[in-house]
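A.B. asks: Just passing along the structure, written as structure tokens.
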Amino acid sequence: MTVLETKNLRDLIAFKHHEGQLAILERKPLGGGDDFFKKLSERPLNVIGIVGKKTSVEDIRALLEDEISEDLKLSDFYMQWVIDMAEVCNVFCETLATKTVGFCLATKRSCQRYHIDNVPLRLLVTYYGKGTEWVPDSAVDRLAYDSGMPNDKILTNYSARKFLNAWDIAIFRGGPDGLLHRTPDAALNTPSILLRLDHEVFWDAVFGNKQEDGFSKPL
């Protein structure tokens, strides 16, 4: 397994040509975020939409317009955060060679079992809370995973677990050779702020796969 660890945005864009399962861009948090996110996470947030490369700032502000309280929108940090998310969206557009990306920003995280994303590439940024947990192939039993067994059977080396830091940008490769990861225990019952980006067709597939009762079929 190869992990591409970088401090260069251009390396993330080239990750689709890289053989690795994971790319991580380590970043320092912007100042003033903790108080902002603590207040933001006091009520559930689940924003889903499409963000365009040329209109990323405007699109994100429109998606958040009715979801963010006026006092938070008036804070100096708010626009810094929107601009940061817009830049991350632009990077992923370049990575995927698309004009738009699927955008999901949520406080609730429930992926308790180790899993591999059923998409070619997925970008994650934890802005607030514990970052995503991942494990190298050498520390997991793939047969146990494929058989649907629980985490204690999948994980063969507890000390090998790794966690992304807040504000780090991570791109996970999905599919058969993807990397096993999960929501860490600390984030299962505690609100956090997680940004997830997917190829523009991912949410089209989700919305097009809804049943008459309004619930999505599993993908």
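Ligands are numbered from 1 in the order shown, chains are lettered A, B, ... in the order of the structure tokens, and residues start at 1 in each chain.
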Any chance you could list, as a ChimeraX atom specification, the residues in region 2-216 of chain A that come up strand (DSSP E) when DSSP is run on the backbone?
C.D. replies: /A:3-6,22-25,46-52,100-106,121-128,133-134,162-163,169-173,181-182,193-199
A.B. asks: Write the residues you've just listed into a file as a CSV table (one decimal), in the first residue's frame, and include C-alpha atoms for each of them.
C.D. replies:
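part-v1.csv written:
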chain,number,residue,atom,x,y,z
A,3,VAL,CA,0.2,6.7,0.8
A,4,LEU,CA,1.0,9.9,-0.8
A,5,GLU,CA,1.7,12.5,1.9
A,6,THR,CA,2.3,16.0,0.6
A,22,LEU,CA,-4.6,7.5,-0.2
A,23,ALA,CA,-3.3,11.1,-0.6
A,24,ILE,CA,-3.0,13.4,2.4
A,25,LEU,CA,-2.3,17.1,2.3
A,46,ASN,CA,-26.6,18.0,6.3
A,47,VAL,CA,-26.1,20.1,3.1
A,48,ILE,CA,-25.9,18.3,-0.2
A,49,GLY,CA,-25.5,20.0,-3.6
A,50,ILE,CA,-23.4,20.6,-6.7
A,51,VAL,CA,-20.5,23.1,-6.7
A,52,GLY,CA,-19.0,24.4,-9.9
A,100,THR,CA,-18.5,20.4,-10.9
A,101,VAL,CA,-18.3,18.2,-7.9
A,102,GLY,CA,-20.9,16.7,-5.5
A,103,PHE,CA,-20.7,18.5,-2.2
A,104,CYS,CA,-21.8,17.2,1.2
A,105,LEU,CA,-21.3,19.0,4.5
A,106,ALA,CA,-22.6,17.3,7.6
A,121,LEU,CA,-12.1,8.7,-5.6
A,122,ARG,CA,-13.6,10.5,-2.6
A,123,LEU,CA,-12.2,13.6,-0.9
A,124,LEU,CA,-12.7,14.2,2.9
A,125,VAL,CA,-11.9,17.1,5.1
A,126,THR,CA,-12.8,17.1,8.8
A,127,TYR,CA,-13.0,20.7,9.8
A,128,TYR,CA,-14.1,20.0,13.4
A,133,GLU,CA,-9.6,6.6,10.9
A,134,TRP,CA,-7.8,4.4,8.4
A,162,LYS,CA,-4.1,6.0,11.8
A,163,PHE,CA,-6.2,9.2,12.0
A,169,ILE,CA,-7.3,17.1,2.8
A,170,ALA,CA,-7.5,13.4,2.1
A,171,ILE,CA,-8.4,11.7,-1.2
A,172,PHE,CA,-9.3,8.0,-0.8
A,173,ARG,CA,-9.2,5.6,-3.6
A,181,HIS,CA,-11.4,3.4,6.8
A,182,ARG,CA,-14.2,4.4,9.2
A,193,ILE,CA,-18.0,19.1,10.7
A,194,LEU,CA,-17.1,16.9,7.7
A,195,LEU,CA,-16.8,17.9,4.1
A,196,ARG,CA,-17.2,15.1,1.6
A,197,LEU,CA,-16.7,15.6,-2.2
A,198,ASP,CA,-17.5,13.1,-4.9
A,199,HIS,CA,-17.7,13.0,-8.7
A.B. asks: Find, counting only C-alpha atoms, the residue in A:Leu164, A:Ala62, A:Val135, A:Leu188 that gets nearest to Thr2 (chain A).
C.D. replies: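 Result for the nearest residue to Thr2 (chain A): A:Val135.
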A.B. asks: How many Å lie between CA of Gly31 (chain A) and CA of Leu63 (chain A), rounded to one decimal?
C.D. replies: 23.6 Å
A.B. asks: With only C-alpha atoms as the counted atoms, please give the residues lying no more than 9 Å from region 142-152 of chain A, apart from itself and same-chain residues fewer than 4 positions off, as a list of chain:residue names.
C.D. replies: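 Final neighbour list, sorted by chain and number: A:Gln112, A:Arg113, A:Tyr114, A:His115, A:Asp137, A:Thr156, A:Tyr158.
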A.B. asks: Grab the CA of Gly131 (chain A) to CA of Asp185 (chain A) distance for me, in Å with one decimal place.
C.D. replies: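 So the two atoms, CA of Gly131 (chain A) and CA of Asp185 (chain A), lie 10.4 Å apart.
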A.B. asks: Can you pull out every residue from region 6-218 of chain A that DSSP, working from the backbone, puts in alpha helix (DSSP H), and format the result as a PyMOL selection string?
C.D. replies: chain A and resi 9-13+33-40+56-64+70-73+76-96+142-146+151-154+185-188+200-208
A.B. asks: For Ala186 (chain A), which residue among A:Asn90, A:Lys130, A:Phe77, A:Ile68 is the nearest when counting only C-alpha atoms?
C.D. replies: A:Lys130
A.B. asks: Could you please determine the separation between CA of Thr190 (chain A) and CA of Leu12 (chain A) in Å, to one decimal place?
C.D. replies: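 If I compute the distance from CA of Thr190 (chain A) to CA of Leu12 (chain A), I get 29.5 Å.
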A.B. asks: So which residues touch Glu94 (chain A) within 12 Å, counting only C-alpha atoms, skipping near sequence neighbours fewer than 2 positions away, as a PDB file with N, CA and C atoms, in the first residue's frame?
C.D. replies:
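The resulting file, selection.pdb, is reproduced below:
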ATOM      1  N   LEU A   9      -0.484  21.160  -3.210  1.00  0.00           N
ATOM      2  CA  LEU A   9      -1.807  20.930  -3.803  1.00  0.00           C
ATOM      3  C   LEU A   9      -1.723  20.249  -5.162  1.00  0.00           C
ATOM      4  N   ARG A  10      -0.697  20.575  -5.932  1.00  0.00           N
ATOM      5  CA  ARG A  10      -0.577  19.997  -7.276  1.00  0.00           C
ATOM      6  C   ARG A  10      -0.402  18.484  -7.214  1.00  0.00           C
ATOM      7  N   ASP A  11       0.215  17.983  -6.146  1.00  0.00           N
ATOM      8  CA  ASP A  11       0.366  16.537  -5.995  1.00  0.00           C
ATOM      9  C   ASP A  11      -0.994  15.866  -5.816  1.00  0.00           C
ATOM     10  N   LEU A  12      -1.925  16.550  -5.130  1.00  0.00           N
ATOM     11  CA  LEU A  12      -3.270  15.996  -4.977  1.00  0.00           C
ATOM     12  C   LEU A  12      -3.959  15.874  -6.332  1.00  0.00           C
ATOM     13  N   ILE A  13      -3.788  16.895  -7.150  1.00  0.00           N
ATOM     14  CA  ILE A  13      -4.434  16.881  -8.463  1.00  0.00           C
ATOM     15  C   ILE A  13      -3.928  15.726  -9.307  1.00  0.00           C
ATOM     16  N   ALA A  14      -2.651  15.384  -9.152  1.00  0.00           N
ATOM     17  CA  ALA A  14      -2.055  14.294  -9.937  1.00  0.00           C
ATOM     18  C   ALA A  14      -2.295  12.920  -9.322  1.00  0.00           C
ATOM     19  N   PHE A  15      -2.999  12.861  -8.183  1.00  0.00           N
ATOM     20  CA  PHE A  15      -3.157  11.594  -7.475  1.00  0.00           C
ATOM     21  C   PHE A  15      -3.880  10.537  -8.305  1.00  0.00           C
ATOM     22  N   LYS A  16      -4.764  10.944  -9.200  1.00  0.00           N
ATOM     23  CA  LYS A  16      -5.498   9.956 -10.002  1.00  0.00           C
ATOM     24  C   LYS A  16      -4.557   9.117 -10.854  1.00  0.00           C
ATOM     25  N   GLY A  52     -19.742  24.229  -8.658  1.00  0.00           N
ATOM     26  CA  GLY A  52     -19.006  24.399  -9.903  1.00  0.00           C
ATOM     27  C   GLY A  52     -17.630  25.001  -9.675  1.00  0.00           C
ATOM     28  N   LYS A  53     -16.699  24.644 -10.535  1.00  0.00           N
ATOM     29  CA  LYS A  53     -15.332  25.143 -10.393  1.00  0.00           C
ATOM     30  C   LYS A  53     -15.265  26.660 -10.551  1.00  0.00           C
ATOM     31  N   LYS A  54     -16.007  27.200 -11.493  1.00  0.00           N
ATOM     32  CA  LYS A  54     -15.946  28.634 -11.760  1.00  0.00           C
ATOM     33  C   LYS A  54     -16.838  29.446 -10.822  1.00  0.00           C
ATOM     34  N   GLU A  87     -11.800  26.400  -2.553  1.00  0.00           N
ATOM     35  CA  GLU A  87     -10.498  25.996  -3.092  1.00  0.00           C
ATOM     36  C   GLU A  87     -10.354  24.478  -3.098  1.00  0.00           C
ATOM     37  N   VAL A  88     -10.859  23.833  -2.052  1.00  0.00           N
ATOM     38  CA  VAL A  88     -10.817  22.371  -2.007  1.00  0.00           C
ATOM     39  C   VAL A  88     -11.672  21.784  -3.128  1.00  0.00           C
ATOM     40  N   CYS A  89     -12.844  22.365  -3.352  1.00  0.00           N
ATOM     41  CA  CYS A  89     -13.703  21.901  -4.458  1.00  0.00           C
ATOM     42  C   CYS A  89     -13.006  22.070  -5.800  1.00  0.00           C
ATOM     43  N   ASN A  90     -12.323  23.185  -5.989  1.00  0.00           N
ATOM     44  CA  ASN A  90     -11.621  23.440  -7.245  1.00  0.00           C
ATOM     45  C   ASN A  90     -10.504  22.427  -7.470  1.00  0.00           C
ATOM     46  N   VAL A  91      -9.790  22.102  -6.391  1.00  0.00           N
ATOM     47  CA  VAL A  91      -8.726  21.098  -6.483  1.00  0.00           C
ATOM     48  C   VAL A  91      -9.301  19.755  -6.906  1.00  0.00           C
ATOM     49  N   PHE A  92     -10.449  19.398  -6.336  1.00  0.00           N
ATOM     50  CA  PHE A  92     -11.032  18.094  -6.673  1.00  0.00           C
ATOM     51  C   PHE A  92     -11.606  18.103  -8.079  1.00  0.00           C
ATOM     52  N   LEU A  96     -10.465  15.359 -10.817  1.00  0.00           N
ATOM     53  CA  LEU A  96     -11.400  14.512 -11.560  1.00  0.00           C
ATOM     54  C   LEU A  96     -11.581  14.958 -13.010  1.00  0.00           C
ATOM     55  N   ALA A  97     -11.017  16.117 -13.362  1.00  0.00           N
ATOM     56  CA  ALA A  97     -11.191  16.692 -14.699  1.00  0.00           C
ATOM     57  C   ALA A  97     -12.675  16.932 -14.986  1.00  0.00           C
ATOM     58  N   THR A  98     -13.369  17.531 -14.005  1.00  0.00           N
ATOM     59  CA  THR A  98     -14.783  17.855 -14.150  1.00  0.00           C
ATOM     60  C   THR A  98     -14.999  19.337 -13.890  1.00  0.00           C
ATOM     61  N   LYS A  99     -16.152  19.837 -14.317  1.00  0.00           N
ATOM     62  CA  LYS A  99     -16.487  21.236 -14.097  1.00  0.00           C
ATOM     63  C   LYS A  99     -17.210  21.439 -12.767  1.00  0.00           C
ATOM     64  N   THR A 100     -17.759  20.360 -12.212  1.00  0.00           N
ATOM     65  CA  THR A 100     -18.477  20.436 -10.945  1.00  0.00           C
ATOM     66  C   THR A 100     -18.147  19.215 -10.096  1.00  0.00           C
ATOM     67  N   VAL A 101     -18.428  19.333  -8.798  1.00  0.00           N
ATOM     68  CA  VAL A 101     -18.281  18.189  -7.888  1.00  0.00           C
ATOM     69  C   VAL A 101     -19.511  18.103  -6.997  1.00  0.00           C
ATOM     70  N   HIS A 199     -17.456  12.662  -7.274  1.00  0.00           N
ATOM     71  CA  HIS A 199     -17.668  12.975  -8.683  1.00  0.00           C
ATOM     72  C   HIS A 199     -19.093  13.476  -8.874  1.00  0.00           C
TER      73      HIS A 199
END
